[in-house]
Every structure is written in C-alpha cells, then in structure tokens.
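Peer 1: Just one file: target09.cif, with mmCIF, C-alpha atoms and all ligand atoms.
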data_input
#
loop_
_atom_site.group_PDB
_atom_site.id
_atom_site.type_symbol
_atom_site.label_atom_id
_atom_site.label_comp_id
_atom_site.auth_asym_id
_atom_site.auth_seq_id
_atom_site.Cartn_x
_atom_site.Cartn_y
_atom_site.Cartn_z
ATOM 1 C CA MET A 18 -10.773 9.354 2.740
ATOM 2 C CA ARG A 19 -10.604 5.909 1.136
ATOM 3 C CA GLN A 20 -8.722 3.350 3.263
ATOM 4 C CA VAL A 21 -6.931 0.071 2.662
ATOM 5 C CA THR A 22 -7.349 -2.736 5.198
ATOM 6 C CA LEU A 23 -4.200 -4.608 6.232
ATOM 7 C CA LYS A 24 -4.024 -8.309 7.167
ATOM 8 C CA SER A 25 -4.190 -7.291 10.831
ATOM 9 C CA GLY A 26 -7.460 -5.462 10.205
ATOM 10 C CA ASP A 27 -5.797 -2.072 10.699
ATOM 11 C CA LYS A 28 -6.836 0.544 8.172
ATOM 12 C CA VAL A 29 -4.489 2.827 6.231
ATOM 13 C CA PRO A 30 -5.699 5.982 4.446
ATOM 14 C CA VAL A 31 -4.692 5.947 0.766
ATOM 15 C CA LEU A 32 -3.013 9.370 0.829
ATOM 16 C CA GLY A 33 -0.373 10.302 3.382
ATOM 17 C CA VAL A 34 2.785 12.398 3.575
ATOM 18 C CA GLY A 35 6.489 11.560 3.401
ATOM 19 C CA THR A 36 9.391 13.128 5.298
ATOM 20 C CA TRP A 37 12.573 12.313 3.364
ATOM 21 C CA ARG A 38 14.949 15.325 3.360
ATOM 22 C CA MET A 39 13.126 16.768 6.354
ATOM 23 C CA GLY A 40 14.773 17.062 9.753
ATOM 24 C CA GLU A 41 18.161 17.747 8.182
ATOM 25 C CA ARG A 42 18.559 21.463 8.897
ATOM 26 C CA LYS A 43 17.529 23.329 12.060
ATOM 27 C CA GLY A 44 16.588 26.455 10.082
ATOM 28 C CA GLU A 45 13.919 24.517 8.159
ATOM 29 C CA ARG A 46 12.324 22.863 11.162
ATOM 30 C CA ALA A 47 9.534 25.404 11.702
ATOM 31 C CA ALA A 48 8.446 25.190 8.052
ATOM 32 C CA GLU A 49 8.521 21.398 8.171
ATOM 33 C CA VAL A 50 6.473 21.206 11.363
ATOM 34 C CA ALA A 51 4.002 23.683 9.834
ATOM 35 C CA ALA A 52 3.737 21.583 6.644
ATOM 36 C CA ILE A 53 2.935 18.410 8.577
ATOM 37 C CA ARG A 54 0.401 20.239 10.751
ATOM 38 C CA LEU A 55 -1.229 21.774 7.672
ATOM 39 C CA ALA A 56 -1.499 18.296 6.121
ATOM 40 C CA LEU A 57 -3.143 16.996 9.314
ATOM 41 C CA ASP A 58 -5.528 19.959 9.368
ATOM 42 C CA LEU A 59 -6.510 19.122 5.777
ATOM 43 C CA GLY A 60 -7.284 15.517 6.718
ATOM 44 C CA ILE A 61 -4.036 13.571 6.310
ATOM 45 C CA ARG A 62 -3.734 10.690 8.800
ATOM 46 C CA LEU A 63 -0.774 8.715 7.376
ATOM 47 C CA VAL A 64 2.820 9.832 7.953
ATOM 48 C CA ASP A 65 5.944 8.075 6.652
ATOM 49 C CA THR A 66 9.424 8.472 8.109
ATOM 50 C CA ALA A 67 12.630 6.495 8.734
ATOM 51 C CA GLU A 68 15.578 6.434 11.104
ATOM 52 C CA MET A 69 17.635 7.392 8.037
ATOM 53 C CA TYR A 70 15.861 10.705 7.342
ATOM 54 C CA GLY A 71 18.048 13.412 8.830
ATOM 55 C CA GLU A 72 19.671 10.582 10.882
ATOM 56 C CA GLY A 73 16.752 10.739 13.315
ATOM 57 C CA GLY A 74 16.040 14.417 12.692
ATOM 58 C CA ALA A 75 12.827 13.731 10.748
ATOM 59 C CA GLU A 76 11.480 11.573 13.577
ATOM 60 C CA GLU A 77 12.294 14.329 16.096
ATOM 61 C CA MET A 78 10.623 16.929 13.904
ATOM 62 C CA LEU A 79 7.539 14.681 13.694
ATOM 63 C CA ALA A 80 7.337 14.348 17.472
ATOM 64 C CA GLU A 81 6.822 18.102 17.539
ATOM 65 C CA ALA A 82 4.403 18.169 14.591
ATOM 66 C CA LEU A 83 2.275 15.272 15.900
ATOM 67 C CA ALA A 84 2.227 16.388 19.553
ATOM 68 C CA GLY A 85 -1.235 15.821 21.003
ATOM 69 C CA ARG A 86 -2.438 14.153 17.775
ATOM 70 C CA ARG A 87 -0.428 10.930 17.702
ATOM 71 C CA ASP A 88 -3.462 8.717 18.224
ATOM 72 C CA GLU A 89 -5.116 10.051 15.055
ATOM 73 C CA ILE A 90 -2.168 9.061 12.889
ATOM 74 C CA PHE A 91 -1.047 5.872 11.139
ATOM 75 C CA LEU A 92 2.700 6.246 11.695
ATOM 76 C CA VAL A 93 5.292 4.414 9.580
ATOM 77 C CA SER A 94 9.042 4.249 10.225
ATOM 78 C CA LYS A 95 11.881 2.161 8.846
ATOM 79 C CA VAL A 96 14.992 0.425 10.067
ATOM 80 C CA TYR A 97 18.302 0.612 8.175
ATOM 81 C CA PRO A 98 19.461 -2.698 6.626
ATOM 82 C CA HIS A 99 22.697 -2.361 8.618
ATOM 83 C CA ASN A 100 20.512 -2.497 11.753
ATOM 84 C CA ALA A 101 18.559 -5.546 10.565
ATOM 85 C CA ALA A 102 20.157 -8.117 12.908
ATOM 86 C CA ARG A 103 17.865 -9.097 15.788
ATOM 87 C CA LYS A 104 19.316 -7.076 18.654
ATOM 88 C CA ASN A 105 19.949 -4.086 16.412
ATOM 89 C CA VAL A 106 16.332 -4.030 15.161
ATOM 90 C CA LEU A 107 15.080 -4.056 18.750
ATOM 91 C CA ALA A 108 17.442 -1.215 19.699
ATOM 92 C CA ALA A 109 16.725 0.819 16.537
ATOM 93 C CA CYS A 110 12.984 0.571 17.193
ATOM 94 C CA GLU A 111 13.471 1.833 20.773
ATOM 95 C CA ARG A 112 15.455 4.808 19.452
ATOM 96 C CA SER A 113 12.765 5.615 16.859
ATOM 97 C CA LEU A 114 10.017 5.420 19.488
ATOM 98 C CA LYS A 115 11.995 7.732 21.756
ATOM 99 C CA ARG A 116 12.644 10.292 19.021
ATOM 100 C CA LEU A 117 8.996 10.148 17.919
ATOM 101 C CA LYS A 118 7.839 10.415 21.560
ATOM 102 C CA THR A 119 5.423 7.540 21.116
ATOM 103 C CA ASP A 120 5.022 4.016 22.489
ATOM 104 C CA ARG A 121 4.283 2.267 19.190
ATOM 105 C CA LEU A 122 4.670 2.371 15.422
ATOM 106 C CA ASP A 123 1.726 1.409 13.244
ATOM 107 C CA LEU A 124 4.018 -0.024 10.580
ATOM 108 C CA TYR A 125 7.763 -0.759 10.765
ATOM 109 C CA LEU A 126 9.639 -1.489 7.543
ATOM 110 C CA LEU A 127 13.042 -2.876 6.621
ATOM 111 C CA HIS A 128 14.201 0.068 4.472
ATOM 112 C CA TRP A 129 15.838 -2.014 1.732
ATOM 113 C CA PRO A 130 17.232 -5.554 1.411
ATOM 114 C CA GLY A 131 20.609 -6.064 3.083
ATOM 115 C CA SER A 132 22.968 -8.837 4.123
ATOM 116 C CA VAL A 133 21.156 -9.978 7.297
ATOM 117 C CA PRO A 134 18.992 -13.066 6.579
ATOM 118 C CA ILE A 135 15.389 -11.902 6.302
ATOM 119 C CA GLU A 136 14.312 -14.668 8.734
ATOM 120 C CA GLU A 137 16.272 -12.944 11.502
ATOM 121 C CA THR A 138 14.756 -9.518 10.839
ATOM 122 C CA ILE A 139 11.255 -10.996 10.658
ATOM 123 C CA GLY A 140 11.863 -12.722 14.005
ATOM 124 C CA ALA A 141 12.753 -9.363 15.553
ATOM 125 C CA PHE A 142 9.710 -7.686 13.971
ATOM 126 C CA GLU A 143 7.495 -10.437 15.410
ATOM 127 C CA THR A 144 9.017 -9.889 18.873
ATOM 128 C CA LEU A 145 8.275 -6.156 18.619
ATOM 129 C CA ARG A 146 4.738 -6.935 17.482
ATOM 130 C CA GLY A 147 4.225 -9.274 20.442
ATOM 131 C CA GLU A 148 5.391 -6.504 22.769
ATOM 132 C CA GLY A 149 2.986 -4.009 21.173
ATOM 133 C CA LYS A 150 5.837 -1.739 20.052
ATOM 134 C CA ILE A 151 4.816 -2.155 16.427
ATOM 135 C CA ARG A 152 1.350 -3.014 15.138
ATOM 136 C CA ASN A 153 2.415 -4.234 11.673
ATOM 137 C CA TRP A 154 5.686 -4.879 9.859
ATOM 138 C CA GLY A 155 6.799 -4.918 6.259
ATOM 139 C CA VAL A 156 9.623 -4.283 3.828
ATOM 140 C CA SER A 157 10.674 -1.646 1.328
ATOM 141 C CA ASN A 158 12.424 -1.871 -2.042
ATOM 142 C CA PHE A 159 11.863 -5.640 -2.275
ATOM 143 C CA ASP A 160 11.381 -7.062 -5.791
ATOM 144 C CA ALA A 161 9.126 -10.006 -6.638
ATOM 145 C CA GLY A 162 11.854 -12.602 -6.012
ATOM 146 C CA GLN A 163 12.716 -11.045 -2.651
ATOM 147 C CA MET A 164 9.019 -11.054 -1.716
ATOM 148 C CA THR A 165 8.991 -14.810 -2.330
ATOM 149 C CA GLY A 166 11.857 -15.073 0.168
ATOM 150 C CA VAL A 167 9.808 -13.120 2.709
ATOM 151 C CA ALA A 168 6.731 -15.315 2.145
ATOM 152 C CA ARG A 169 8.765 -18.500 2.661
ATOM 153 C CA ALA A 170 10.341 -17.354 5.942
ATOM 154 C CA PRO A 171 8.723 -18.349 9.251
ATOM 155 C CA LYS A 172 5.913 -15.819 9.952
ATOM 156 C CA GLY A 173 6.741 -14.220 6.609
ATOM 157 C CA SER A 174 3.074 -14.351 5.674
ATOM 158 C CA ASN A 175 2.543 -11.601 8.280
ATOM 159 C CA CYS A 176 4.321 -9.094 6.013
ATOM 160 C CA ALA A 177 1.807 -6.247 5.720
ATOM 161 C CA SER A 178 3.398 -3.943 3.161
ATOM 162 C CA ASN A 179 6.110 -3.357 0.576
ATOM 163 C CA GLN A 180 6.997 0.311 0.045
ATOM 164 C CA VAL A 181 8.394 0.843 -3.467
ATOM 165 C CA LEU A 182 9.072 3.603 -5.953
ATOM 166 C CA TYR A 183 6.133 4.155 -8.303
ATOM 167 C CA HIS A 184 5.167 7.121 -10.434
ATOM 168 C CA LEU A 185 4.151 7.914 -14.014
ATOM 169 C CA GLY A 186 7.790 7.964 -15.102
ATOM 170 C CA SER A 187 8.694 4.642 -13.478
ATOM 171 C CA ARG A 188 6.159 1.855 -13.929
ATOM 172 C CA GLY A 189 8.341 -1.250 -13.667
ATOM 173 C CA ILE A 190 6.371 -2.702 -10.730
ATOM 174 C CA GLU A 191 3.393 -3.188 -13.059
ATOM 175 C CA TRP A 192 5.216 -6.169 -14.577
ATOM 176 C CA GLN A 193 5.322 -8.649 -11.669
ATOM 177 C CA LEU A 194 5.567 -7.025 -8.285
ATOM 178 C CA LEU A 195 2.080 -5.520 -8.081
ATOM 179 C CA GLU A 196 0.454 -8.854 -8.854
ATOM 180 C CA ALA A 197 2.748 -10.749 -6.455
ATOM 181 C CA CYS A 198 1.859 -8.321 -3.646
ATOM 182 C CA ARG A 199 -1.839 -8.442 -4.469
ATOM 183 C CA LYS A 200 -1.843 -12.252 -4.294
ATOM 184 C CA ALA A 201 -0.027 -12.206 -0.940
ATOM 185 C CA ASN A 202 -2.311 -9.454 0.414
ATOM 186 C CA VAL A 203 0.712 -7.175 0.892
ATOM 187 C CA MET A 204 -0.263 -3.506 0.678
ATOM 188 C CA VAL A 205 1.868 -1.583 -1.818
ATOM 189 C CA MET A 206 2.835 1.907 -0.690
ATOM 190 C CA ALA A 207 4.138 4.073 -3.537
ATOM 191 C CA TYR A 208 7.047 6.370 -2.706
ATOM 192 C CA SER A 209 8.298 9.301 -4.809
ATOM 193 C CA PRO A 210 4.841 9.468 -6.464
ATOM 194 C CA LEU A 211 5.706 12.904 -7.891
ATOM 195 C CA GLY A 212 8.981 11.644 -9.338
ATOM 196 C CA GLN A 213 10.613 14.008 -6.826
ATOM 197 C CA GLY A 214 9.350 17.002 -8.838
ATOM 198 C CA PRO A 215 10.693 17.143 -12.430
ATOM 199 C CA LEU A 216 7.950 14.809 -13.713
ATOM 200 C CA LEU A 217 5.400 17.500 -12.942
ATOM 201 C CA ARG A 218 6.715 19.758 -15.729
ATOM 202 C CA LYS A 219 5.795 17.294 -18.514
ATOM 203 C CA PRO A 220 3.283 18.872 -20.960
ATOM 204 C CA ALA A 221 0.976 15.812 -21.056
ATOM 205 C CA LEU A 222 0.455 16.067 -17.325
ATOM 206 C CA LYS A 223 -0.160 19.816 -17.518
ATOM 207 C CA ALA A 224 -2.876 19.362 -20.178
ATOM 208 C CA ILE A 225 -4.844 16.914 -18.019
ATOM 209 C CA ALA A 226 -4.314 19.067 -14.933
ATOM 210 C CA ASP A 227 -5.768 22.074 -16.774
ATOM 211 C CA LYS A 228 -8.783 20.001 -17.836
ATOM 212 C CA HIS A 229 -9.501 19.075 -14.197
ATOM 213 C CA GLY A 230 -8.602 22.516 -12.814
ATOM 214 C CA VAL A 231 -5.894 21.149 -10.517
ATOM 215 C CA GLU A 232 -2.074 21.167 -10.355
ATOM 216 C CA PRO A 233 -0.113 18.461 -12.229
ATOM 217 C CA ALA A 234 0.818 16.916 -8.872
ATOM 218 C CA ALA A 235 -2.828 16.096 -8.162
ATOM 219 C CA ILE A 236 -3.052 14.242 -11.473
ATOM 220 C CA ALA A 237 0.197 12.342 -10.795
ATOM 221 C CA LEU A 238 -1.172 11.251 -7.398
ATOM 222 C CA ALA A 239 -4.656 10.422 -8.701
ATOM 223 C CA TRP A 240 -2.983 8.241 -11.331
ATOM 224 C CA VAL A 241 -1.045 6.286 -8.671
ATOM 225 C CA LEU A 242 -4.229 5.960 -6.608
ATOM 226 C CA ARG A 243 -6.241 4.654 -9.597
ATOM 227 C CA LEU A 244 -5.131 1.164 -8.536
ATOM 228 C CA PRO A 245 -7.249 -0.521 -5.858
ATOM 229 C CA GLY A 246 -5.308 -1.152 -2.664
ATOM 230 C CA MET A 247 -2.613 1.424 -3.503
ATOM 231 C CA VAL A 248 -1.399 3.906 -0.870
ATOM 232 C CA THR A 249 0.991 6.821 -1.484
ATOM 233 C CA ILE A 250 3.031 9.323 0.517
ATOM 234 C CA PRO A 251 4.110 12.492 -1.374
ATOM 235 C CA LYS A 252 6.464 14.820 0.474
ATOM 236 C CA ALA A 253 5.799 18.568 0.473
ATOM 237 C CA VAL A 254 7.074 21.412 2.618
ATOM 238 C CA LYS A 255 5.626 24.346 0.679
ATOM 239 C CA PRO A 256 2.053 25.021 1.869
ATOM 240 C CA ASP A 257 0.794 25.404 -1.723
ATOM 241 C CA HIS A 258 2.191 21.981 -2.500
ATOM 242 C CA VAL A 259 0.505 20.414 0.532
ATOM 243 C CA ARG A 260 -2.829 21.892 -0.553
ATOM 244 C CA ALA A 261 -2.402 20.956 -4.230
ATOM 245 C CA ASN A 262 -1.668 17.340 -3.353
ATOM 246 C CA MET A 263 -4.883 16.969 -1.332
ATOM 247 C CA LYS A 264 -6.850 17.744 -4.508
ATOM 248 C CA ALA A 265 -5.816 14.335 -5.850
ATOM 249 C CA LEU A 266 -8.631 12.866 -3.778
ATOM 250 C CA ASP A 267 -11.228 14.824 -5.782
ATOM 251 C CA VAL A 268 -9.856 13.917 -9.230
ATOM 252 C CA LYS A 269 -11.576 11.173 -11.199
ATOM 253 C CA LEU A 270 -9.434 10.289 -14.201
ATOM 254 C CA ASP A 271 -11.599 9.208 -17.149
ATOM 255 C CA ALA A 272 -10.729 6.720 -19.904
ATOM 256 C CA ASP A 273 -9.389 9.510 -22.162
ATOM 257 C CA ASP A 274 -7.124 10.806 -19.381
ATOM 258 C CA LEU A 275 -5.756 7.328 -18.685
ATOM 259 C CA LYS A 276 -5.163 6.709 -22.389
ATOM 260 C CA ALA A 277 -3.303 10.023 -22.762
ATOM 261 C CA LEU A 278 -1.175 9.298 -19.676
ATOM 262 C CA ASP A 279 -0.387 5.784 -20.938
ATOM 263 C CA ALA A 280 0.737 7.251 -24.263
ATOM 264 C CA ALA A 281 2.900 9.936 -22.649
ATOM 265 C CA PHE A 282 4.286 7.709 -19.864
ATOM 266 C CA PRO A 283 4.289 4.143 -21.202
ATOM 267 C CA ALA A 284 4.924 1.166 -18.950
ATOM 268 C CA PRO A 285 8.184 -0.668 -19.797
ATOM 269 C CA LYS A 286 7.884 -3.302 -22.544
ATOM 270 C CA ARG A 287 9.659 -5.964 -20.508
ATOM 271 C CA ALA A 288 10.467 -6.747 -16.880
ATOM 272 C CA GLU A 289 13.267 -4.582 -15.489
ATOM 273 C CA PRO A 290 15.145 -4.418 -12.171
ATOM 274 C CA LEU A 291 13.281 -2.649 -9.358
ATOM 275 C CA ASP A 292 13.837 1.121 -9.600
ATOM 276 C CA MET A 293 15.075 2.736 -6.383
ATOM 277 C CA THR A 294 16.196 6.150 -7.612
HETATM 278 N N1 LIG A 301 11.396 3.515 1.091
HETATM 279 C C1 LIG A 301 12.247 4.236 0.413
HETATM 280 O O1 LIG A 301 13.343 3.792 0.042
HETATM 281 C C2 LIG A 301 11.878 5.649 0.064
HETATM 282 C C3 LIG A 301 12.635 6.355 -0.897
HETATM 283 C C4 LIG A 301 12.247 7.650 -1.215
HETATM 284 C C5 LIG A 301 11.149 8.209 -0.596
HETATM 285 N N2 LIG A 301 10.445 7.525 0.362
HETATM 286 C C6 LIG A 301 9.294 8.133 1.071
HETATM 287 O O2 LIG A 301 8.383 8.645 0.113
HETATM 288 C C7 LIG A 301 8.195 10.043 0.318
HETATM 289 C C8 LIG A 301 7.926 10.755 -0.992
HETATM 290 O O3 LIG A 301 8.968 10.563 -1.923
HETATM 291 P P1 LIG A 301 10.050 11.699 -2.281
HETATM 292 O O4 LIG A 301 10.197 12.639 -1.153
HETATM 293 O O5 LIG A 301 11.253 10.965 -2.767
HETATM 294 O O6 LIG A 301 9.469 12.426 -3.575
HETATM 295 P P2 LIG A 301 8.061 13.034 -4.069
HETATM 296 O O7 LIG A 301 7.054 12.982 -2.998
HETATM 297 O O8 LIG A 301 7.781 12.370 -5.374
HETATM 298 O O9 LIG A 301 8.477 14.533 -4.411
HETATM 299 C C9 LIG A 301 8.853 15.456 -3.426
HETATM 300 C C10 LIG A 301 9.259 16.734 -4.133
HETATM 301 O O10 LIG A 301 8.149 17.247 -4.885
HETATM 302 C C11 LIG A 301 7.860 18.583 -4.476
HETATM 303 N N3 LIG A 301 6.401 18.732 -4.476
HETATM 304 C C12 LIG A 301 5.510 18.240 -3.568
HETATM 305 N N4 LIG A 301 4.263 18.572 -3.901
HETATM 306 C C13 LIG A 301 4.346 19.311 -5.037
HETATM 307 C C14 LIG A 301 3.397 19.972 -5.843
HETATM 308 N N5 LIG A 301 2.103 19.919 -5.558
HETATM 309 N N6 LIG A 301 3.827 20.636 -6.943
HETATM 310 C C15 LIG A 301 5.149 20.692 -7.234
HETATM 311 N N7 LIG A 301 6.113 20.087 -6.498
HETATM 312 C C16 LIG A 301 5.706 19.411 -5.415
HETATM 313 C C17 LIG A 301 8.436 18.735 -3.080
HETATM 314 O O11 LIG A 301 8.743 20.100 -2.857
HETATM 315 P P3 LIG A 301 8.610 20.847 -1.426
HETATM 316 O O12 LIG A 301 9.026 19.860 -0.373
HETATM 317 O O13 LIG A 301 9.514 22.005 -1.588
HETATM 318 O O14 LIG A 301 7.177 21.277 -1.240
HETATM 319 C C18 LIG A 301 9.673 17.847 -3.186
HETATM 320 O O15 LIG A 301 10.727 18.569 -3.813
HETATM 321 C C19 LIG A 301 9.506 10.456 1.007
HETATM 322 O O16 LIG A 301 9.420 11.720 1.609
HETATM 323 C C20 LIG A 301 9.703 9.309 1.954
HETATM 324 O O17 LIG A 301 8.848 9.437 3.082
HETATM 325 C C21 LIG A 301 10.776 6.242 0.670
#
Spell out the structure here as structure tokens.
Peer 2:
Amino acid sequence: MRQVTLKSGDKVPVLGVGTWRMGERKGERAAEVAAIRLALDLGIRLVDTAEMYGEGGAEEMLAEALAGRRDEIFLVSKVYPHNAARKNVLAACERSLKRLKTDRLDLYLLHWPGSVPIEETIGAFETLRGEGKIRNWGVSNFDAGQMTGVARAPKGSNCASNQVLYHLGSRGIEWQLLEACRKANVMVMAYSPLGQGPLLRKPALKAIADKHGVEPAAIALAWVLRLPGMVTIPKAVKPDHVRANMKALDVKLDADDLKALDAAFPAPKRAEPLDMT
C-alpha cells in the first residue's frame, strides 16, 4: 500500500480504519473485534482511536483485536481537550497505553482545540516523545489560523499531523488548510471520508462506482486519496463494508470521473469555518 512519510521518518499507510462508535456496547464487541481483524487480514496497518470513543471502550476493544499484531500497526489515539493541561496529558496517555495494552502510540493527537494554551500541550507531547511513549504528535480539528498558532509555539514545528473532516460532501479544507499543512509538512488525515454513510446513496457516486465495478464507498475513498500525502480512516463494522473499502486502493479515477464528481459535489465558493460534523 502507498505510504506517507512523516517528519520523523515514520511511514503511515494511506488507508486505515477508524473506531468511533465502537467499544460502546458489550454485545457488539465480538463483531467489532472481528471487523478490525478482517481489516488487518486484508492488509490494513493503520488504526485510529481516541480516549473519547466509548470512554476508553474502543481502546480496550482494540487491545483484543490487535493482540499479537501490535508491532505491525501504526496506532493513533487522541487526548480530550479537557485533558490537555500538562499533567493531565501525561496521565491520559498512560491510561490509553494501559487500555490498549501497549507501551507506545505511533501518533497522539489533541482531539480538538480547547482552552489550555497549545504551548502547554505541546510541551507534554514532547515529554512523552522523549520518553518513547509516543513516536509522533499532532492535532485534530485545527483550522489554518490555529495551525499557525501551533507552528509558532516552541517545538510546534514537530507537529506531524492534523486530522480533519474531509469527504465529497464537505470540501472546505481545500480553501486554505490543505495548502497550509502541505507547506508545514503536516500530514492531513481525513476523517468521516464516507460522510458517515448517507453520502454513499448519491446517484453521481453510484454511476461512477458502477463504471469501476466497485461500491460507492470505494469511489468516495479513492477520491479522498487522489491527493498526494492524504491519509484516511473509514470506520466499518460490517464485513462487506470492510471489504468494499479496501477496493479503493485499486480504483484509478480518470479525468471524466473527477469532473463528474466535481460537478456533483462542488467545493465551496469561498472560505468557510472548519466543518466538524
Ligand atoms: N478527529 C475527530 O474529531 C474525528 C471525528 C469523527 C471521526 N473520526 C475518526 O474517523 C473515523 C471515520 O469517520 P466516521 O466513523 O465518522 O465516518 P465514516 O467512516 O465516514 O462512516 C462510517 C459509517 O459508514 C458505514 N460504512 C463503512 N463502510 C461502508 C461501505 N463500504 N458502504 C456503506 N456504508 C459503509 C459504517 O457502517 P458499519 O460500521 O455498520 O459498517 C458507518 O456507519 C472514525 O471512526 C474515527 O476514528 C475522527
């Protein structure tokens, strides 16, 4: 699979899996563990989670799903903004490591901007990096102005990634943020790349999917991954969904496809606030 190289030299596969809304209900655990294991069996090596997901439940579920295979995986987790003060970041990271049954995270993100000065959170991230508990750090849901704040903070230039919402139905980051991240060598990781589902029923997407002999989800993901340096993390529990999403790696969208998708899902005509929904 194609990979993106971070500032640290670490490599991230372009297609991974997400875990939001997993780890919330005991009765769904077996299906969730099976979905993650199926994704790994099909070649996925990037897994995204957060202390927020199932209030630790997603991380616990992942410990089971990744057992014996942790070293193959690029593992991402996130700290709540209300835990972004120095001692709270250090403690939250310890809790995540314990739940995940691992000794390190490959990437640790501030989940969204909060009231703690970013300099303080970055200082804590750098401490964790020095201790080997995280290999890289970054942010999530930061707009272009907030990324400038990160860059200006001490050690802020070590920010490896900004995880933001991006899909055919929400293209606001194409205005400023993508370019700002590219210039700062900050890897953009697209979340909700399937628009959480409803996007996939749009006729324009179906037509291109039929042409390529894949599901609409594969087209939606291939479109996100058309951009160099872009990484994405769709979430799927149903086995058919896991399999359909992998097909994105085989799809080559041609100029006609891209034109049709642009017409059906136009980028906004002016800059707009960062979408987080
Ligand atoms: N940083 C942040 O603030 C933030 C916010 C949101 C999400 N995220 C991360 O990004 C990940 C992905 O985003 P998301 O979960 O919001 O939404 P998403 O990946 O766009 O969509 C997930 C939904 O699409 C369905 N689906 C998956 N594959 C499909 C397919 N091939 N055909 C039809 N439906 C399909 C899933 O159903 P099933 O599960 O039933 O298969 C689920 O209902 C999250 O899990 C999380 O890790 C981060």
Peer 1: When distances are computed from only C-alpha atoms, which of A:Pro290, A:Gly60, A:Gly35, A:Gly71 shows the smallest separation from Lys264 (chain A)?
Peer 2: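 Comparing A:Pro290, A:Gly60, A:Gly35, A:Gly71 against Lys264 (chain A), the winner is A:Gly60.
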Peer 1: Grab the CA of Gln193 (chain A) to CA of Asn179 (chain A) distance for me, in Å with one decimal place.
Peer 2: 13.4 Å
Peer 1: Applying the PyMOL selection byres (((chain A and resi 31) around 6) and not hetatm) to the file I just gave you, which residues come out? Please list them as an MDAnalysis selection string.
Peer 2: chainID A and resid 19:20 30 32 248
Peer 1: Please, what distance in Å, to one decimal, runs between atom O2 of ligand LIG 301 (chain A) and CA of Lys286 (chain A)?
Peer 2: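 Atom-to-atom, atom O2 of ligand LIG 301 (chain A) to CA of Lys286 (chain A), that is 25.6 Å.
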Peer 1: Compute the set of protein, DNA and RNA residues whose minimum atom distance to ligand LIG 301 (chain A) is at most 8 Å, using only C-alpha atoms and all ligand atoms, and state it as number ranges by chain.
Peer 2: A: 34-39, 64-67, 95, 128-129, 157-158, 180-182, 184, 207-215, 217, 232-235, 249-262, 293-294
Peer 1: Could you expand the PyMOL selection byres (((chain A and resi 220-228) around 8) and not hetatm) into the explicit residues it covers here, written as number ranges by chain?
Peer 2: A: 217-219, 229-233, 235-237, 274, 277-278, 281
Peer 1: Could you state the separation of CA of Glu68 (chain A) and CA of Gly173 (chain A) in Å, given to one decimal place?
Peer 2: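 According to the coordinates, CA of Glu68 (chain A) and CA of Gly173 (chain A) are separated by 22.9 Å.
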Peer 1: Given the file shown, enumerate the residues that the PyMOL selection byres (((chain A and resi 26) around 12) and not hetatm) captures and present them as a PDB file with C-alpha atoms, in the coordinates of the input.
Peer 2:
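Okay, this is what ended up in result.pdb:
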ATOM      1  CA  GLN A  20      -8.722   3.350   3.263  1.00  0.00           C
ATOM      2  CA  VAL A  21      -6.931   0.071   2.662  1.00  0.00           C
ATOM      3  CA  THR A  22      -7.349  -2.736   5.198  1.00  0.00           C
ATOM      4  CA  LEU A  23      -4.200  -4.608   6.232  1.00  0.00           C
ATOM      5  CA  LYS A  24      -4.024  -8.309   7.167  1.00  0.00           C
ATOM      6  CA  SER A  25      -4.190  -7.291  10.831  1.00  0.00           C
ATOM      7  CA  ASP A  27      -5.797  -2.072  10.699  1.00  0.00           C
ATOM      8  CA  LYS A  28      -6.836   0.544   8.172  1.00  0.00           C
ATOM      9  CA  VAL A  29      -4.489   2.827   6.231  1.00  0.00           C
ATOM     10  CA  ASP A 123       1.726   1.409  13.244  1.00  0.00           C
ATOM     11  CA  ARG A 152       1.350  -3.014  15.138  1.00  0.00           C
ATOM     12  CA  ASN A 153       2.415  -4.234  11.673  1.00  0.00           C
ATOM     13  CA  ASN A 175       2.543 -11.601   8.280  1.00  0.00           C
ATOM     14  CA  ALA A 177       1.807  -6.247   5.720  1.00  0.00           C
ATOM     15  CA  ASN A 202      -2.311  -9.454   0.414  1.00  0.00           C
TER      16      ASN A 202
END
Peer 1: Out of A:Met18, A:Leu59, A:Ile90, A:Ile139, which residue has the shortest atom-to-atom distance to Leu242 (chain A) when counting all atoms listed in the file?
Peer 2: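 Closest candidate: A:Met18.
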